[in-house]
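One file, start.cif, carrying mmCIF, C-alpha atoms and all ligand atoms:
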```cif
data_entry
#
loop_
_atom_site.group_PDB
_atom_site.id
_atom_site.type_symbol
_atom_site.label_atom_id
_atom_site.label_comp_id
_atom_site.auth_asym_id
_atom_site.auth_seq_id
_atom_site.Cartn_x
_atom_site.Cartn_y
_atom_site.Cartn_z
ATOM 1 C CA MET A 5 -9.318 3.292 -0.096
ATOM 2 C CA GLY A 6 -8.298 6.867 0.618
ATOM 3 C CA TRP A 7 -4.607 6.882 -0.115
ATOM 4 C CA THR A 8 -3.283 7.487 -3.590
ATOM 5 C CA PHE A 9 0.167 7.713 -5.111
ATOM 6 C CA THR A 10 -1.049 9.441 -8.254
ATOM 7 C CA ALA A 11 1.325 12.319 -9.032
ATOM 8 C CA VAL A 12 3.535 11.377 -6.073
ATOM 9 C CA SER A 13 7.299 11.045 -6.453
ATOM 10 C CA PHE A 14 9.379 8.430 -4.648
ATOM 11 C CA GLN A 15 12.883 8.576 -3.262
ATOM 12 C CA ARG A 16 15.406 6.003 -2.147
ATOM 13 C CA GLY A 17 18.427 7.232 -0.192
ATOM 14 C CA GLY A 18 17.876 10.824 -1.272
ATOM 15 C CA LYS A 19 17.643 10.008 -4.980
ATOM 16 C CA THR A 20 14.603 9.734 -7.217
ATOM 17 C CA ALA A 21 13.242 6.190 -7.426
ATOM 18 C CA ASP A 22 11.550 5.200 -10.666
ATOM 19 C CA VAL A 23 8.284 3.498 -9.791
ATOM 20 C CA HIS A 24 5.028 2.482 -11.430
ATOM 21 C CA ALA A 25 2.146 3.448 -9.177
ATOM 22 C CA ASP A 26 -1.623 3.145 -9.396
ATOM 23 C CA GLY A 27 -3.895 3.952 -6.492
ATOM 24 C CA ASN A 28 -2.152 2.679 -3.376
ATOM 25 C CA ASN A 29 -0.019 0.111 -5.227
ATOM 26 C CA VAL A 30 3.592 0.718 -6.184
ATOM 27 C CA ALA A 31 5.979 -1.379 -8.252
ATOM 28 C CA TRP A 32 9.716 -0.762 -8.096
ATOM 29 C CA LYS A 33 12.814 -2.555 -9.302
ATOM 30 C CA CYS A 34 15.041 -3.866 -6.498
ATOM 31 C CA GLU A 35 18.197 -1.793 -6.310
ATOM 32 C CA GLU A 36 20.260 -4.874 -5.481
ATOM 33 C CA CYS A 37 19.158 -7.442 -8.020
ATOM 34 C CA GLY A 38 16.577 -5.880 -10.312
ATOM 35 C CA TRP A 39 13.638 -8.104 -9.411
ATOM 36 C CA PRO A 40 10.230 -6.414 -9.270
ATOM 37 C CA VAL A 41 9.203 -5.350 -5.764
ATOM 38 C CA LEU A 42 5.581 -4.652 -4.862
ATOM 39 C CA PHE A 43 4.261 -2.300 -2.189
ATOM 40 C CA VAL A 44 0.579 -2.199 -1.193
ATOM 41 C CA TYR A 45 -0.245 0.734 1.080
ATOM 42 C CA GLN A 46 -2.951 -0.902 3.183
ATOM 43 C CA LEU A 47 -3.016 -2.306 6.686
ATOM 44 C CA GLY A 48 -0.895 -5.425 6.927
ATOM 45 C CA ARG A 49 0.014 -5.553 3.229
ATOM 46 C CA PHE A 50 3.454 -5.908 1.648
ATOM 47 C CA GLY A 51 5.671 -2.910 2.216
ATOM 48 C CA SER A 52 3.098 -0.902 4.146
ATOM 49 C CA SER A 53 5.253 -0.650 7.273
ATOM 50 C CA GLN A 54 8.556 -1.758 8.760
ATOM 51 C CA SER A 55 6.829 -4.633 10.545
ATOM 52 C CA ARG A 56 5.213 -5.720 7.263
ATOM 53 C CA ALA A 57 8.105 -5.063 4.918
ATOM 54 C CA THR A 58 8.079 -6.420 1.391
ATOM 55 C CA THR A 59 10.776 -8.990 0.645
ATOM 56 C CA CYS A 60 12.528 -9.066 -2.705
ATOM 57 C CA ARG A 61 12.087 -12.529 -4.201
ATOM 58 C CA GLY A 62 15.457 -12.294 -5.888
ATOM 59 C CA CYS A 63 17.837 -11.293 -3.084
ATOM 60 C CA LYS A 64 15.615 -11.349 0.051
ATOM 61 C CA LYS A 65 16.316 -7.697 0.875
ATOM 62 C CA THR A 66 13.375 -6.011 2.605
ATOM 63 C CA TYR A 67 11.800 -2.629 1.936
ATOM 64 C CA TYR A 68 8.874 -0.565 3.165
ATOM 65 C CA LEU A 69 7.329 2.834 2.508
ATOM 66 C CA SER A 70 7.663 5.877 4.746
ATOM 67 C CA PRO A 71 5.597 7.387 6.215
ATOM 68 C CA GLU A 72 4.388 3.959 7.271
ATOM 69 C CA TYR A 73 0.737 3.055 6.855
ATOM 70 C CA GLY A 74 -1.222 3.878 10.002
ATOM 71 C CA THR A 75 0.870 6.842 11.127
ATOM 72 C CA GLN A 76 -1.935 9.205 10.083
ATOM 73 C CA PRO A 77 -5.690 8.775 9.578
ATOM 74 C CA GLU A 78 -6.663 7.438 6.155
ATOM 75 C CA PRO A 79 -8.627 9.956 4.055
ATOM 76 C CA ALA A 80 -12.279 9.256 3.397
ATOM 77 C CA ALA A 81 -13.199 7.189 0.356
ATOM 78 C CA GLY A 82 -13.816 9.384 -2.671
ATOM 79 C CA ASN A 83 -11.294 11.967 -1.496
ATOM 80 C CA PRO A 84 -7.937 10.332 -2.205
ATOM 81 C CA GLN A 85 -4.827 12.037 -0.891
ATOM 82 C CA ALA A 86 -1.113 11.324 -0.847
ATOM 83 C CA PRO A 87 0.417 10.274 2.490
ATOM 84 C CA ALA A 88 3.442 12.438 1.624
ATOM 85 C CA ASN A 89 5.187 13.783 -1.433
ATOM 86 C CA PRO A 90 7.802 12.552 -1.905
ATOM 87 C CA MET A 91 7.344 9.126 -0.388
ATOM 88 C CA GLN A 92 10.461 7.355 0.854
ATOM 89 C CA ILE A 93 11.435 3.764 0.115
ATOM 90 C CA MET A 94 13.189 2.505 3.251
HETATM 91 ZN ZN ZN B 1 16.480 -7.909 -4.858
#
```

Written form, structure tokens:
Amino acid sequence: MGWTFTAVSFQRGGKTADVHADGNNVAWKCEECGWPVLFVYQLGRFGSSQSRATTCRGCKKTYYLSPEYGTQPEPAAGNPQAPANPMQIM
């Protein structure tokens, strides 16, 4: 795992999004209904790309992170980097 969200801020629609992040995992509260929404920034995992969006279990709205996973080479293990700062919740 080379991606990290440590010390990365998140935005949703141009505003700061309050998240809880550890490594390449991010938890966020759905803006529509308040249910917890999980993003895992790995190939094929929830919220990692538009084609693998995460679906809110409360209201069924879908979200994903931008830049999407796979749009740039993953850093080598042991040298974690942020994909972008800030990250966008789409
Ligand atoms: Zn929701």

Which residues of chain A come within 7 Å of ligand ZN 1 (chain B), and what is each one's closest atom pair and distance in Å (one decimal), counting only C-alpha atoms and all ligand atoms, sorted by chain and residue number, as JSON lines?
```
{"residue": "A:Cys34", "atom": "CA", "partner": "B:ZN1", "partner_atom": "ZN", "distance": 4.6}
{"residue": "A:Glu35", "atom": "CA", "partner": "B:ZN1", "partner_atom": "ZN", "distance": 6.5}
{"residue": "A:Glu36", "atom": "CA", "partner": "B:ZN1", "partner_atom": "ZN", "distance": 4.9}
{"residue": "A:Cys37", "atom": "CA", "partner": "B:ZN1", "partner_atom": "ZN", "distance": 4.2}
{"residue": "A:Gly38", "atom": "CA", "partner": "B:ZN1", "partner_atom": "ZN", "distance": 5.8}
{"residue": "A:Trp39", "atom": "CA", "partner": "B:ZN1", "partner_atom": "ZN", "distance": 5.4}
{"residue": "A:Cys60", "atom": "CA", "partner": "B:ZN1", "partner_atom": "ZN", "distance": 4.6}
{"residue": "A:Arg61", "atom": "CA", "partner": "B:ZN1", "partner_atom": "ZN", "distance": 6.4}
{"residue": "A:Gly62", "atom": "CA", "partner": "B:ZN1", "partner_atom": "ZN", "distance": 4.6}
{"residue": "A:Cys63", "atom": "CA", "partner": "B:ZN1", "partner_atom": "ZN", "distance": 4.1}
{"residue": "A:Lys64", "atom": "CA", "partner": "B:ZN1", "partner_atom": "ZN", "distance": 6.1}
{"residue": "A:Lys65", "atom": "CA", "partner": "B:ZN1", "partner_atom": "ZN", "distance": 5.7}
```

| request: Kindly resolve the PyMOL selection byres (((chain A and resi 74-79) around 10) and not hetatm) on the present coordinates and return the residues as a ChimeraX atom specification. | output: /A:5-8,45-48,52-53,70-73,80-87

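Of the residues under consideration (A:Ile93, A:Asp22, A:Ala11, A:Ala88), A:Ile93 shows the shortest atom-to-atom contact distance to Phe43 (chain A) when counting all atoms listed in the file.
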
| remark: Judged by all atoms listed in the file, the minimum distance to Tyr68 (chain A) among A:Phe9, A:Trp32, A:Phe14, A:Phe50 is found for A:Phe50

| message | To test your reading of the syntax: which residues would the PyMOL selection byres (((chain A and resi 90) around 8) and not hetatm) return for the file shown? Reply as an MDAnalysis selection string. | response | chainID A and resid 12:15 88:89 91:92

| Which value, in Å to one decimal, gives the distance between CA of Gln54 (chain A) and CA of Asn29 (chain A)? |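 Computing the Euclidean distance for CA of Gln54 (chain A) and CA of Asn29 (chain A) yields 16.5 Å.
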
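The spacing separating CA of Lys19 (chain A) from CA of Val44 (chain A) amounts to 21.3 Å.
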
| Length of the CA of Arg49 (chain A) to CA of Gly18 (chain A) vector [Å] |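 Pair CA of Arg49 (chain A) / CA of Gly18 (chain A) returns 24.6 Å.
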
Restricted to N, CA, C and O atoms, what does region 33-67 of chain A look like when written out as a PDB file, in the first residue's frame?
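Listing of part_39.pdb after writing:
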```pdb
ATOM      1  N   LYS A  33     -19.498  11.140   6.672  1.00  0.00           N
ATOM      2  CA  LYS A  33     -20.926  11.067   6.957  1.00  0.00           C
ATOM      3  C   LYS A  33     -21.688  11.559   5.735  1.00  0.00           C
ATOM      4  O   LYS A  33     -21.449  12.665   5.248  1.00  0.00           O
ATOM      5  N   CYS A  34     -22.598  10.756   5.218  1.00  0.00           N
ATOM      6  CA  CYS A  34     -23.366  11.109   4.027  1.00  0.00           C
ATOM      7  C   CYS A  34     -24.020  12.476   4.201  1.00  0.00           C
ATOM      8  O   CYS A  34     -24.689  12.727   5.208  1.00  0.00           O
ATOM      9  N   GLU A  35     -23.854  13.320   3.198  1.00  0.00           N
ATOM     10  CA  GLU A  35     -24.403  14.670   3.291  1.00  0.00           C
ATOM     11  C   GLU A  35     -25.924  14.680   3.182  1.00  0.00           C
ATOM     12  O   GLU A  35     -26.567  15.648   3.552  1.00  0.00           O
ATOM     13  N   GLU A  36     -26.499  13.609   2.656  1.00  0.00           N
ATOM     14  CA  GLU A  36     -27.942  13.550   2.483  1.00  0.00           C
ATOM     15  C   GLU A  36     -28.655  13.030   3.719  1.00  0.00           C
ATOM     16  O   GLU A  36     -29.678  13.568   4.131  1.00  0.00           O
ATOM     17  N   CYS A  37     -28.117  11.944   4.278  1.00  0.00           N
ATOM     18  CA  CYS A  37     -28.871  11.263   5.340  1.00  0.00           C
ATOM     19  C   CYS A  37     -28.066  11.026   6.609  1.00  0.00           C
ATOM     20  O   CYS A  37     -28.635  10.596   7.608  1.00  0.00           O
ATOM     21  N   GLY A  38     -26.769  11.235   6.564  1.00  0.00           N
ATOM     22  CA  GLY A  38     -25.980  11.111   7.785  1.00  0.00           C
ATOM     23  C   GLY A  38     -25.440   9.734   8.081  1.00  0.00           C
ATOM     24  O   GLY A  38     -24.737   9.557   9.076  1.00  0.00           O
ATOM     25  N   TRP A  39     -25.744   8.755   7.219  1.00  0.00           N
ATOM     26  CA  TRP A  39     -25.166   7.422   7.430  1.00  0.00           C
ATOM     27  C   TRP A  39     -23.658   7.470   7.205  1.00  0.00           C
ATOM     28  O   TRP A  39     -23.177   8.278   6.416  1.00  0.00           O
ATOM     29  N   PRO A  40     -22.908   6.571   7.835  1.00  0.00           N
ATOM     30  CA  PRO A  40     -21.476   6.494   7.556  1.00  0.00           C
ATOM     31  C   PRO A  40     -21.227   5.958   6.153  1.00  0.00           C
ATOM     32  O   PRO A  40     -21.916   5.044   5.708  1.00  0.00           O
ATOM     33  N   VAL A  41     -20.269   6.555   5.469  1.00  0.00           N
ATOM     34  CA  VAL A  41     -19.877   6.145   4.121  1.00  0.00           C
ATOM     35  C   VAL A  41     -18.388   5.818   4.159  1.00  0.00           C
ATOM     36  O   VAL A  41     -17.596   6.587   4.704  1.00  0.00           O
ATOM     37  N   LEU A  42     -18.027   4.680   3.580  1.00  0.00           N
ATOM     38  CA  LEU A  42     -16.643   4.224   3.602  1.00  0.00           C
ATOM     39  C   LEU A  42     -16.027   4.278   2.204  1.00  0.00           C
ATOM     40  O   LEU A  42     -16.656   3.870   1.225  1.00  0.00           O
ATOM     41  N   PHE A  43     -14.813   4.795   2.143  1.00  0.00           N
ATOM     42  CA  PHE A  43     -14.013   4.776   0.918  1.00  0.00           C
ATOM     43  C   PHE A  43     -12.749   3.970   1.198  1.00  0.00           C
ATOM     44  O   PHE A  43     -12.112   4.167   2.235  1.00  0.00           O
ATOM     45  N   VAL A  44     -12.378   3.099   0.273  1.00  0.00           N
ATOM     46  CA  VAL A  44     -11.119   2.352   0.363  1.00  0.00           C
ATOM     47  C   VAL A  44     -10.360   2.587  -0.932  1.00  0.00           C
ATOM     48  O   VAL A  44     -10.798   2.164  -2.001  1.00  0.00           O
ATOM     49  N   TYR A  45      -9.231   3.298  -0.830  1.00  0.00           N
ATOM     50  CA  TYR A  45      -8.503   3.718  -2.032  1.00  0.00           C
ATOM     51  C   TYR A  45      -7.561   2.625  -2.500  1.00  0.00           C
ATOM     52  O   TYR A  45      -6.338   2.694  -2.353  1.00  0.00           O
ATOM     53  N   GLN A  46      -8.178   1.561  -3.059  1.00  0.00           N
ATOM     54  CA  GLN A  46      -7.439   0.453  -3.653  1.00  0.00           C
ATOM     55  C   GLN A  46      -8.217   0.002  -4.877  1.00  0.00           C
ATOM     56  O   GLN A  46      -9.430   0.238  -4.968  1.00  0.00           O
ATOM     57  N   LEU A  47      -7.549  -0.702  -5.752  1.00  0.00           N
ATOM     58  CA  LEU A  47      -8.175  -1.142  -6.994  1.00  0.00           C
ATOM     59  C   LEU A  47      -9.460  -1.920  -6.723  1.00  0.00           C
ATOM     60  O   LEU A  47      -9.454  -2.910  -5.989  1.00  0.00           O
ATOM     61  N   GLY A  48     -10.550  -1.452  -7.297  1.00  0.00           N
ATOM     62  CA  GLY A  48     -11.805  -2.170  -7.226  1.00  0.00           C
ATOM     63  C   GLY A  48     -12.559  -2.071  -5.913  1.00  0.00           C
ATOM     64  O   GLY A  48     -13.580  -2.723  -5.741  1.00  0.00           O
ATOM     65  N   ARG A  49     -12.067  -1.250  -4.978  1.00  0.00           N
ATOM     66  CA  ARG A  49     -12.713  -1.164  -3.664  1.00  0.00           C
ATOM     67  C   ARG A  49     -13.685   0.006  -3.623  1.00  0.00           C
ATOM     68  O   ARG A  49     -13.620   0.928  -4.444  1.00  0.00           O
ATOM     69  N   PHE A  50     -14.567  -0.018  -2.630  1.00  0.00           N
ATOM     70  CA  PHE A  50     -15.610   0.996  -2.480  1.00  0.00           C
ATOM     71  C   PHE A  50     -15.065   2.414  -2.584  1.00  0.00           C
ATOM     72  O   PHE A  50     -14.158   2.794  -1.832  1.00  0.00           O
ATOM     73  N   GLY A  51     -15.631   3.179  -3.496  1.00  0.00           N
ATOM     74  CA  GLY A  51     -15.320   4.598  -3.558  1.00  0.00           C
ATOM     75  C   GLY A  51     -14.004   4.944  -4.208  1.00  0.00           C
ATOM     76  O   GLY A  51     -13.614   6.104  -4.221  1.00  0.00           O
ATOM     77  N   SER A  52     -13.313   3.942  -4.762  1.00  0.00           N
ATOM     78  CA  SER A  52     -11.991   4.193  -5.327  1.00  0.00           C
ATOM     79  C   SER A  52     -12.057   4.851  -6.706  1.00  0.00           C
ATOM     80  O   SER A  52     -11.084   5.453  -7.149  1.00  0.00           O
ATOM     81  N   SER A  53     -13.199   4.728  -7.372  1.00  0.00           N
ATOM     82  CA  SER A  53     -13.347   5.323  -8.699  1.00  0.00           C
ATOM     83  C   SER A  53     -14.837   5.474  -9.015  1.00  0.00           C
ATOM     84  O   SER A  53     -15.688   4.901  -8.316  1.00  0.00           O
ATOM     85  N   GLN A  54     -15.119   6.201 -10.082  1.00  0.00           N
ATOM     86  CA  GLN A  54     -16.519   6.395 -10.471  1.00  0.00           C
ATOM     87  C   GLN A  54     -17.187   5.061 -10.801  1.00  0.00           C
ATOM     88  O   GLN A  54     -18.357   4.843 -10.481  1.00  0.00           O
ATOM     89  N   SER A  55     -16.437   4.156 -11.430  1.00  0.00           N
ATOM     90  CA  SER A  55     -17.015   2.867 -11.792  1.00  0.00           C
ATOM     91  C   SER A  55     -17.147   1.931 -10.594  1.00  0.00           C
ATOM     92  O   SER A  55     -17.808   0.899 -10.675  1.00  0.00           O
ATOM     93  N   ARG A  56     -16.509   2.279  -9.490  1.00  0.00           N
ATOM     94  CA  ARG A  56     -16.617   1.473  -8.261  1.00  0.00           C
ATOM     95  C   ARG A  56     -16.981   2.398  -7.105  1.00  0.00           C
ATOM     96  O   ARG A  56     -16.338   2.383  -6.051  1.00  0.00           O
ATOM     97  N   ALA A  57     -18.028   3.189  -7.350  1.00  0.00           N
ATOM     98  CA  ALA A  57     -18.468   4.153  -6.341  1.00  0.00           C
ATOM     99  C   ALA A  57     -18.965   3.438  -5.091  1.00  0.00           C
ATOM    100  O   ALA A  57     -19.381   2.284  -5.144  1.00  0.00           O
ATOM    101  N   THR A  58     -18.897   4.135  -3.973  1.00  0.00           N
ATOM    102  CA  THR A  58     -19.460   3.610  -2.735  1.00  0.00           C
ATOM    103  C   THR A  58     -20.914   4.069  -2.646  1.00  0.00           C
ATOM    104  O   THR A  58     -21.243   5.185  -3.063  1.00  0.00           O
ATOM    105  N   THR A  59     -21.779   3.204  -2.175  1.00  0.00           N
ATOM    106  CA  THR A  59     -23.205   3.502  -2.104  1.00  0.00           C
ATOM    107  C   THR A  59     -23.622   3.664  -0.650  1.00  0.00           C
ATOM    108  O   THR A  59     -23.386   2.769   0.165  1.00  0.00           O
ATOM    109  N   CYS A  60     -24.207   4.814  -0.344  1.00  0.00           N
ATOM    110  CA  CYS A  60     -24.705   5.040   1.008  1.00  0.00           C
ATOM    111  C   CYS A  60     -25.788   4.015   1.318  1.00  0.00           C
ATOM    112  O   CYS A  60     -26.720   3.834   0.534  1.00  0.00           O
ATOM    113  N   ARG A  61     -25.693   3.373   2.468  1.00  0.00           N
ATOM    114  CA  ARG A  61     -26.679   2.355   2.830  1.00  0.00           C
ATOM    115  C   ARG A  61     -27.984   2.980   3.302  1.00  0.00           C
ATOM    116  O   ARG A  61     -28.997   2.298   3.388  1.00  0.00           O
ATOM    117  N   GLY A  62     -27.935   4.274   3.613  1.00  0.00           N
ATOM    118  CA  GLY A  62     -29.144   4.930   4.078  1.00  0.00           C
ATOM    119  C   GLY A  62     -30.017   5.430   2.935  1.00  0.00           C
ATOM    120  O   GLY A  62     -31.225   5.180   2.900  1.00  0.00           O
ATOM    121  N   CYS A  63     -29.402   6.151   1.981  1.00  0.00           N
ATOM    122  CA  CYS A  63     -30.195   6.815   0.936  1.00  0.00           C
ATOM    123  C   CYS A  63     -29.840   6.358  -0.477  1.00  0.00           C
ATOM    124  O   CYS A  63     -30.428   6.833  -1.440  1.00  0.00           O
ATOM    125  N   LYS A  64     -28.846   5.480  -0.604  1.00  0.00           N
ATOM    126  CA  LYS A  64     -28.432   4.907  -1.896  1.00  0.00           C
ATOM    127  C   LYS A  64     -27.695   5.890  -2.811  1.00  0.00           C
ATOM    128  O   LYS A  64     -27.441   5.582  -3.974  1.00  0.00           O
ATOM    129  N   LYS A  65     -27.353   7.071  -2.300  1.00  0.00           N
ATOM    130  CA  LYS A  65     -26.557   7.997  -3.100  1.00  0.00           C
ATOM    131  C   LYS A  65     -25.135   7.432  -3.234  1.00  0.00           C
ATOM    132  O   LYS A  65     -24.648   6.771  -2.319  1.00  0.00           O
ATOM    133  N   THR A  66     -24.500   7.695  -4.388  1.00  0.00           N
ATOM    134  CA  THR A  66     -23.166   7.140  -4.602  1.00  0.00           C
ATOM    135  C   THR A  66     -22.110   8.240  -4.590  1.00  0.00           C
ATOM    136  O   THR A  66     -22.374   9.383  -4.980  1.00  0.00           O
ATOM    137  N   TYR A  67     -20.921   7.847  -4.148  1.00  0.00           N
ATOM    138  CA  TYR A  67     -19.795   8.778  -4.034  1.00  0.00           C
ATOM    139  C   TYR A  67     -18.515   8.054  -4.432  1.00  0.00           C
ATOM    140  O   TYR A  67     -18.419   6.822  -4.335  1.00  0.00           O
TER     141      TYR A  67
END
```
